$ cat query_7.tsv   # TSV, C-alpha atoms and all ligand atoms
chain	number	residue	atom	x	y	z
A	1	MET	CA	60.93	19.73	131.61
A	2	ASN	CA	61.45	17.83	134.09
A	3	ASN	CA	63.82	15.26	134.00
A	4	PHE	CA	65.69	17.39	136.37
A	5	GLY	CA	63.45	15.52	136.47
A	6	GLY	CA	59.93	14.86	136.81
A	7	ASN	CA	56.75	16.73	136.89
A	8	SER	CA	57.17	20.20	138.35
A	9	GLU	CA	55.00	21.38	135.50
A	10	GLY	CA	52.13	19.04	136.18
A	11	LEU	CA	53.37	16.52	133.63
A	12	ALA	CA	52.86	12.80	133.93
A	13	THR	CA	54.36	11.31	137.09
A	14	HIS	CA	58.07	10.70	136.74
A	15	ASP	CA	59.14	7.12	137.05
A	16	TRP	CA	62.74	7.00	138.16
A	17	ALA	CA	62.81	3.21	138.44
A	18	GLY	CA	61.69	3.09	134.79
A	19	GLU	CA	61.48	5.68	132.03
A	20	ALA	CA	62.84	8.71	133.91
A	21	GLY	CA	65.93	6.73	134.96
A	22	THR	CA	66.45	5.52	131.39
A	23	ARG	CA	66.09	9.08	130.08
A	24	TRP	CA	68.67	10.40	132.59
A	25	LEU	CA	71.01	7.54	131.67
A	26	GLY	CA	70.62	8.31	127.95
A	27	GLN	CA	71.95	11.85	128.51
A	28	LEU	CA	74.11	11.09	131.56
A	29	ASP	CA	77.25	12.97	130.53
A	30	ARG	CA	75.26	16.04	129.46
A	31	PHE	CA	73.19	16.13	132.67
A	32	GLU	CA	76.25	15.60	134.87
A	33	SER	CA	78.31	18.25	133.09
A	34	MET	CA	75.47	20.76	133.43
A	35	ILE	CA	75.24	20.34	137.21
A	36	GLU	CA	78.95	19.79	137.86
A	37	PRO	CA	79.47	23.31	139.34
A	38	ILE	CA	76.68	22.68	141.84
A	39	GLY	CA	78.25	19.35	142.76
A	40	ASP	CA	81.59	21.11	143.29
A	41	ALA	CA	79.95	23.74	145.51
A	42	LEU	CA	78.06	21.18	147.61
A	43	LEU	CA	81.16	19.00	148.03
A	44	ALA	CA	83.12	22.08	149.15
A	45	GLN	CA	80.39	22.89	151.66
A	46	ALA	CA	80.36	19.30	152.98
A	47	ALA	CA	84.19	19.24	153.31
A	48	TYR	CA	84.42	15.50	154.02
A	49	ALA	CA	87.13	14.22	156.33
A	50	SER	CA	89.16	11.06	155.93
A	51	GLY	CA	87.38	7.99	157.36
A	52	GLU	CA	83.79	9.31	157.17
A	53	LYS	CA	80.93	7.05	156.07
A	54	VAL	CA	78.68	8.91	153.64
A	55	VAL	CA	75.40	8.03	151.91
A	56	ASP	CA	74.68	9.76	148.56
A	57	ILE	CA	70.88	9.87	148.10
A	58	GLY	CA	69.58	9.55	144.52
A	59	CYS	CA	73.16	9.13	143.34
A	60	GLY	CA	72.27	8.65	139.65
A	61	GLY	CA	75.37	7.70	137.64
A	62	GLY	CA	77.55	8.09	140.75
A	63	TRP	CA	79.63	11.14	139.76
A	64	THR	CA	79.29	12.71	143.21
A	65	THR	CA	79.64	9.32	144.95
A	66	ARG	CA	83.05	8.84	143.34
A	67	ARG	CA	84.12	12.32	144.45
A	68	ILE	CA	82.96	11.53	148.00
A	69	ALA	CA	84.88	8.23	147.96
A	70	ALA	CA	88.05	10.13	147.00
A	71	ALA	CA	87.47	12.65	149.81
A	72	VAL	CA	86.91	10.12	152.61
A	73	GLY	CA	89.80	7.86	151.55
A	74	ASN	CA	90.28	4.14	152.06
A	75	THR	CA	89.22	4.19	155.69
A	76	GLY	CA	85.90	5.78	154.75
A	77	LEU	CA	82.97	4.65	152.62
A	78	ALA	CA	80.76	6.26	149.97
A	79	LEU	CA	77.43	4.50	149.46
A	80	GLY	CA	75.26	5.52	146.50
A	81	LEU	CA	71.54	4.79	146.92
A	82	ASP	CA	69.22	5.12	143.94
A	83	LEU	CA	65.78	3.97	142.82
A	84	SER	CA	66.84	3.27	139.24
A	85	PRO	CA	68.31	-0.23	138.65
A	86	ASP	CA	69.87	0.93	135.35
A	87	LEU	CA	71.61	3.88	136.98
A	88	VAL	CA	72.90	1.71	139.83
A	89	VAL	CA	74.40	-0.76	137.33
A	90	THR	CA	76.03	2.10	135.40
A	91	ALA	CA	77.30	3.80	138.57
A	92	SER	CA	78.85	0.53	139.80
A	93	GLU	CA	80.46	-0.12	136.42
A	94	ARG	CA	81.95	3.39	136.23
A	95	ALA	CA	83.39	3.06	139.76
A	96	ARG	CA	84.85	-0.35	138.87
A	97	ARG	CA	86.48	1.09	135.73
A	98	ALA	CA	87.92	3.93	137.82
A	99	SER	CA	89.24	1.34	140.36
A	100	VAL	CA	87.49	2.98	143.30
A	101	ALA	CA	87.50	0.50	146.19
A	102	ASN	CA	85.69	2.31	149.03
A	103	ILE	CA	82.40	2.69	147.18
A	104	ARG	CA	79.17	0.72	146.94
A	105	PHE	CA	75.88	1.24	145.12
A	106	VAL	CA	72.49	-0.01	146.23
A	107	GLN	CA	69.16	0.07	144.39
A	108	ASP	CA	66.35	1.00	146.77
A	109	ASP	CA	63.87	3.69	147.74
A	110	ALA	CA	65.50	6.28	149.99
A	111	ALA	CA	62.04	7.16	151.35
A	112	THR	CA	61.73	3.83	153.13
A	113	ALA	CA	64.96	1.78	153.00
A	114	ILE	CA	67.80	1.92	155.52
A	115	PRO	CA	71.02	0.60	153.96
A	116	GLU	CA	72.77	-2.05	156.03
A	117	GLU	CA	75.82	0.26	156.34
A	118	ALA	CA	73.76	2.74	158.43
A	119	PRO	CA	74.17	4.73	160.61
A	120	PHE	CA	76.18	7.11	158.40
A	121	ASP	CA	78.28	10.07	159.55
A	122	ARG	CA	77.07	12.17	156.64
A	123	LEU	CA	74.26	12.34	154.07
A	124	PHE	CA	74.73	14.01	150.69
A	125	SER	CA	72.41	14.59	147.76
A	126	ARG	CA	72.68	16.63	144.58
A	127	PHE	CA	69.11	16.98	143.30
A	128	GLY	CA	68.05	13.53	144.56
A	129	THR	CA	65.58	14.50	147.31
A	130	MET	CA	62.89	16.40	145.39
A	131	PHE	CA	60.90	13.45	144.12
A	132	PHE	CA	59.42	11.86	147.24
A	133	PRO	CA	55.62	11.41	147.01
A	134	GLU	CA	55.49	11.67	150.85
A	135	PRO	CA	58.32	14.04	151.78
A	136	TYR	CA	57.64	14.11	155.56
A	137	VAL	CA	57.87	10.31	155.72
A	138	ALA	CA	60.94	10.29	153.47
A	139	PHE	CA	62.90	12.94	155.40
A	140	ALA	CA	62.19	11.12	158.67
A	141	ASN	CA	63.76	8.06	157.01
A	142	LEU	CA	66.79	10.09	155.86
A	143	ARG	CA	67.25	11.22	159.46
A	144	ARG	CA	67.21	7.56	160.59
A	145	MET	CA	70.11	6.80	158.23
A	146	LEU	CA	72.38	9.19	160.18
A	147	ARG	CA	74.05	8.78	163.54
A	148	ALA	CA	73.15	11.35	166.20
A	149	GLY	CA	75.12	14.49	165.34
A	150	GLY	CA	75.62	13.39	161.72
A	151	ARG	CA	75.23	16.02	159.02
A	152	LEU	CA	73.09	16.43	155.91
A	153	ASP	CA	74.16	18.43	152.83
A	154	ILE	CA	71.70	18.58	149.92
A	155	ALA	CA	71.31	20.69	146.79
A	156	VAL	CA	67.79	21.54	145.60
A	157	TRP	CA	66.61	23.99	142.95
A	158	ALA	CA	65.43	27.45	144.03
A	159	PRO	CA	62.02	28.56	142.64
A	160	ILE	CA	61.49	28.30	138.89
A	161	ALA	CA	61.09	32.10	138.77
A	162	ASP	CA	64.82	32.27	139.64
A	163	ASN	CA	65.73	29.62	137.06
A	164	PRO	CA	65.27	31.16	133.61
A	165	TRP	CA	66.95	28.13	132.01
A	166	GLN	CA	63.81	26.16	132.97
A	167	ARG	CA	61.23	28.94	133.10
A	168	ASN	CA	61.99	30.22	129.60
A	169	VAL	CA	62.05	26.76	128.04
A	170	MET	CA	58.64	25.96	129.54
A	171	ALA	CA	57.25	29.35	128.46
A	172	THR	CA	58.54	28.76	124.93
A	173	ILE	CA	56.89	25.34	124.68
A	174	ARG	CA	53.67	26.71	126.23
A	175	ARG	CA	53.31	29.08	123.28
A	176	HIS	CA	52.57	26.00	121.16
A	177	ILE	CA	51.26	23.34	123.56
A	178	ASP	CA	48.72	23.60	126.36
A	179	LEU	CA	50.74	22.38	129.37
A	180	PRO	CA	49.16	21.47	132.72
A	181	THR	CA	49.50	24.05	135.50
A	182	PRO	CA	52.29	23.22	137.96
A	183	GLN	CA	51.16	22.45	141.51
A	184	PRO	CA	53.28	23.86	144.35
A	185	ARG	CA	55.47	21.30	146.15
A	186	GLU	CA	54.48	18.42	143.85
A	187	PRO	CA	57.34	15.92	143.38
A	188	GLY	CA	59.76	17.30	140.81
A	189	PRO	CA	62.70	19.67	140.43
A	190	PHE	CA	61.06	22.58	142.26
A	191	ALA	CA	59.35	20.59	145.05
A	192	LEU	CA	61.83	21.87	147.67
A	193	SER	CA	62.28	25.40	146.37
A	194	GLU	CA	60.55	27.09	149.36
A	195	GLN	CA	62.99	27.53	152.24
A	196	ASP	CA	60.24	27.63	154.93
A	197	TYR	CA	58.87	24.33	153.69
A	198	VAL	CA	62.31	22.67	153.63
A	199	THR	CA	62.97	23.96	157.15
A	200	ASP	CA	59.67	22.47	158.33
A	201	LEU	CA	60.42	19.14	156.63
A	202	LEU	CA	63.86	18.96	158.26
A	203	GLN	CA	62.68	20.08	161.70
A	204	SER	CA	59.78	17.61	161.62
A	205	ALA	CA	62.28	14.86	160.81
A	206	GLY	CA	64.40	15.82	163.85
A	207	PHE	CA	67.15	17.89	162.18
A	208	SER	CA	68.54	21.09	163.73
A	209	ASP	CA	71.15	23.75	162.79
A	210	ILE	CA	69.42	24.16	159.41
A	211	ALA	CA	71.20	26.57	157.06
A	212	PHE	CA	70.77	27.64	153.42
A	213	ASP	CA	73.55	28.80	151.16
A	214	THR	CA	72.82	30.05	147.65
A	215	TRP	CA	74.42	28.84	144.44
A	216	ILE	CA	73.97	31.19	141.51
A	217	GLY	CA	75.46	30.47	138.12
A	218	ASP	CA	74.71	29.47	134.57
A	219	GLN	CA	73.29	26.26	133.24
A	220	ARG	CA	74.97	25.25	130.01
A	221	VAL	CA	71.87	23.69	128.54
A	222	GLY	CA	72.86	20.39	126.92
A	223	GLY	CA	76.41	20.55	128.31
A	224	PRO	CA	79.44	22.81	127.82
A	225	ASP	CA	79.83	22.07	124.11
A	226	SER	CA	76.19	22.68	123.18
A	227	ASP	CA	74.88	24.97	120.46
A	228	PRO	CA	71.25	26.08	119.89
A	229	GLU	CA	70.46	23.01	117.81
A	230	SER	CA	72.01	20.44	120.19
A	231	ALA	CA	70.50	22.20	123.24
A	232	THR	CA	67.09	21.88	121.57
A	233	ARG	CA	67.63	18.18	120.90
A	234	PHE	CA	68.71	17.73	124.52
A	235	VAL	CA	65.46	19.29	125.78
A	236	LEU	CA	63.27	17.31	123.39
A	237	ASP	CA	65.07	13.96	123.77
A	238	GLY	CA	66.37	14.10	127.34
A	239	MET	CA	63.64	15.80	129.30
A	240	GLN	CA	60.19	14.62	130.16
A	241	ILE	CA	58.56	17.55	128.38
A	242	GLY	CA	59.81	15.99	125.14
A	243	ASP	CA	57.15	13.27	125.52
A	244	LEU	CA	54.37	15.86	125.31
A	245	VAL	CA	55.98	17.52	122.32
A	246	ARG	CA	56.34	14.15	120.55
A	247	ALA	CA	52.64	13.46	121.14
A	248	SER	CA	51.64	16.64	119.28
A	249	GLU	CA	50.97	17.28	115.57
A	250	GLU	CA	53.91	17.49	113.17
A	251	ASP	CA	53.39	21.25	112.60
A	252	THR	CA	53.41	21.88	116.33
A	253	ARG	CA	56.54	19.79	116.81
A	254	ALA	CA	58.32	21.76	114.10
A	255	ALA	CA	57.17	25.08	115.63
A	256	VAL	CA	58.40	24.07	119.11
A	257	HIS	CA	61.74	23.03	117.65
A	258	ARG	CA	62.12	26.38	115.82
A	259	SER	CA	61.15	28.42	118.88
A	260	LEU	CA	63.57	26.55	121.13
A	261	VAL	CA	66.43	27.05	118.67
A	262	GLU	CA	65.58	30.78	118.62
A	263	LEU	CA	65.49	30.91	122.43
A	264	PHE	CA	68.89	29.24	122.66
A	265	GLU	CA	70.32	31.48	119.91
A	266	ARG	CA	69.37	34.48	122.05
A	267	ASN	CA	71.18	32.83	124.98
A	268	SER	CA	74.40	31.65	123.40
A	269	ASP	CA	77.83	33.02	122.61
A	270	ALA	CA	81.26	31.62	121.83
A	271	ASP	CA	80.99	29.63	125.10
A	272	GLY	CA	77.83	27.83	123.96
A	273	VAL	CA	74.30	28.03	125.34
A	274	HIS	CA	74.03	29.28	128.89
A	275	MET	CA	71.17	30.60	130.99
A	276	ALA	CA	70.87	31.78	134.60
A	277	ALA	CA	70.19	29.26	137.37
A	278	LYS	CA	69.87	29.22	141.16
A	279	ALA	CA	69.95	26.43	143.74
A	280	TRP	CA	69.93	26.14	147.53
A	281	LEU	CA	72.74	24.29	149.27
A	282	VAL	CA	71.10	23.12	152.49
A	283	SER	CA	72.88	21.79	155.57
A	284	ALA	CA	71.45	20.39	158.82
A	285	ARG	CA	72.51	18.39	161.86
A	286	ALA	CA	70.84	15.10	162.88
B	1	LIG	C1	68.02	14.60	139.05
B	1	LIG	S1	68.73	13.04	139.25
B	1	LIG	C2	70.25	13.41	140.10
B	1	LIG	C3	71.26	12.30	140.03
B	1	LIG	C4	72.57	12.53	140.79
B	1	LIG	N1	72.33	12.89	142.17
B	1	LIG	C5	73.43	13.58	140.14
B	1	LIG	O1	73.49	14.70	140.66
B	1	LIG	O2	74.04	13.30	139.10
B	1	LIG	C6	67.72	12.38	140.55
B	1	LIG	C7	68.10	11.00	141.01
B	1	LIG	O3	67.34	10.69	142.19
B	1	LIG	C8	66.93	9.33	142.10
B	1	LIG	N2	65.74	9.15	142.95
B	1	LIG	C9	64.53	9.74	142.82
B	1	LIG	N3	63.70	9.34	143.80
B	1	LIG	C10	64.41	8.46	144.59
B	1	LIG	C11	64.10	7.70	145.75
B	1	LIG	N4	62.90	7.74	146.32
B	1	LIG	N5	65.07	6.90	146.27
B	1	LIG	C12	66.30	6.83	145.69
B	1	LIG	N6	66.64	7.53	144.59
B	1	LIG	C13	65.71	8.35	144.03
B	1	LIG	C14	66.67	9.12	140.62
B	1	LIG	O4	66.64	7.75	140.25
B	1	LIG	C15	67.81	9.91	139.99
B	1	LIG	O5	68.95	9.12	139.80
$ encode --input "query_7.tsv" --output "structure tokens"
Amino acid sequence: MNNFGGNSEGLATHDWAGEAGTRWLGQLDRFESMIEPIGDALLAQAAYASGEKVVDIGCGGGWTTRRIAAAVGNTGLALGLDLSPDLVVTASERARRASVANIRFVQDDAATAIPEEAPFDRLFSRFGTMFFPEPYVAFANLRRMLRAGGRLDIAVWAPIADNPWQRNVMATIRRHIDLPTPQPREPGPFALSEQDYVTDLLQSAGFSDIAFDTWIGDQRVGGPDSDPESATRFVLDGMQIGDLVRASEEDTRAAVHRSLVELFERNSDADGVHMAAKAWLVSARA
């Protein structure tokens, strides 16, 4: 599923500067509302002070960047960096409409680019650091964006085994479609799910004081107002796995649809569809 997003299940390579970015943009409000509690938790952990200069890696539509801008105030700066030109345009437009002055968005590859505003006091990312094809190179570059003593706060998904909202959807689709076997650590939502690996990546890049906090909660699949039918449409239209389903025979497509609705019916109540989820909130010192 993997537009959280890419190819943790061995699907075609995600293309954030192209299709994957467009897909995220097409469901922006739903995606952002689903991961809002994790954004809240990571922002609380980061506890930004007035005047700090912060880079938001893989900022998407800029929801967290706007929150950071509010936290650091007019003497600080929030810079959103993202690979997707469409998302950067949307993020800039949303900030303009909200009259946020101390914010900027830049389209570039966080694995290699150093924004001209560097060095930053702080680096933030909600689910934007799991897609690097060469993670050791990329994390060394993230370290270079920070001043000595600057701090990193990133959210990454814990293993898929601890994320039934993804595991069960994939298992349901697998009953009808032969999906490729996921490769450990391949770019995608679960690339940074192993704490030892993340620690090694950060230490190799020159970070110290590495700590993991755990976020456990529910994912409201398709957003807080979803029902089994709309959650199914969200998976099939908004996530990369939908491409494989669309490429299958009509009978198979109908069977997948039915099975997903049944899965979400078993996981919904008056509050909508919700399933268990787990993420790591990682911090480190440059
Ligand atoms: C799962 S989305 C999260 C978006 C946003 N952080 C949020 O929480 O709403 C991942 C984001 O990371 C961006 N991204 C992926 N690889 C990137 C890279 N190498 N450099 C910059 N951005 C990247 C994508 O374009 C996408 O916007």
$ residues_near_ligand --input "query_7.tsv" --ligand "ligand LIG 1 (chain B)" --cutoff "8 Å" --atoms "only C-alpha atoms and all ligand atoms" --output "PyMOL selection string"
chain A and resi 3-5+16-17+20-21+24+28+31-32+35-36+39+56-64+81-84+87+107-112+125-132+138+189
$ residues_around --input "query_7.tsv" --residues "A:Ala69" --least-positions-apart "3" --cutoff "10 Å" --atoms "all atoms listed in the file" --output "ChimeraX atom specification"
/A:48,50-54,64-66,72-79,95,100-104
$ closest_residue --input "query_7.tsv" --among "A:Ala158, A:Leu146, A:Ala276, A:Ala284" --to "A:Ala211" --atoms "only C-alpha atoms"
A:Ala284
$ atom_distance --input "query_7.tsv" --atom1 "atom CA of A:Ala71" --atom2 "atom CA of A:Ala46"
10.2 Å
$ closest_residue --input "query_7.tsv" --among "A:Pro133, A:Pro85, A:Gly206, A:Gly222" --to "A:Gly188" --atoms "all atoms listed in the file"
A:Pro133
$ closest_residue --input "query_7.tsv" --among "A:Ala113, A:Met239, A:Val256, A:Ile160" --to "A:Gly26" --atoms "all atoms listed in the file"
A:Met239
$ closest_residue --input "query_7.tsv" --among "A:Ala231, A:Ala70, A:Val156, A:Ile216" --to "A:His274" --atoms "all atoms listed in the file"
A:Ala231
$ atom_distance --input "query_7.tsv" --atom1 "atom CA of A:Leu123" --atom2 "atom CA of A:Ser283"
9.7 Å
$ closest_residue --input "query_7.tsv" --among "A:Gly223, A:Glu117, A:Ile241, A:Trp165" --to "A:Asp178" --atoms "only C-alpha atoms"
A:Ile241
$ residues_around --input "query_7.tsv" --residues "A:Asp209" --least-positions-apart "2" --cutoff "10 Å" --atoms "all atoms listed in the file" --output "list in words"
Arg151, Thr199, Leu202, Gln203, Phe207, Ala211, Ser283, Ala284, Arg285 and Ala286 of chain A
$ atom_distance --input "query_7.tsv" --atom1 "atom CA of A:Leu152" --atom2 "atom CA of A:Gly18"
27.5 Å
$ closest_residue --input "query_7.tsv" --among "A:Arg122, A:Arg30, A:Arg175, A:Arg97" --to "A:Arg147" --atoms "all atoms listed in the file"
A:Arg122
$ residues_around --input "query_7.tsv" --residues "A:Met275" --least-positions-apart "4" --cutoff "9 Å" --atoms "all atoms listed in the file" --output "VMD selection string"
chain A and resid 163 to 166 217 to 221 264 267 to 268
$ axis_aligned_box --input "query_7.tsv" --around "stretch 115-118 of chain A" --padding-each-side "4 Å" --output "JSON"
{"center_x": 73.4, "center_y": 0.3, "center_z": 156.2, "size_x": 12.8, "size_y": 12.8, "size_z": 12.5}
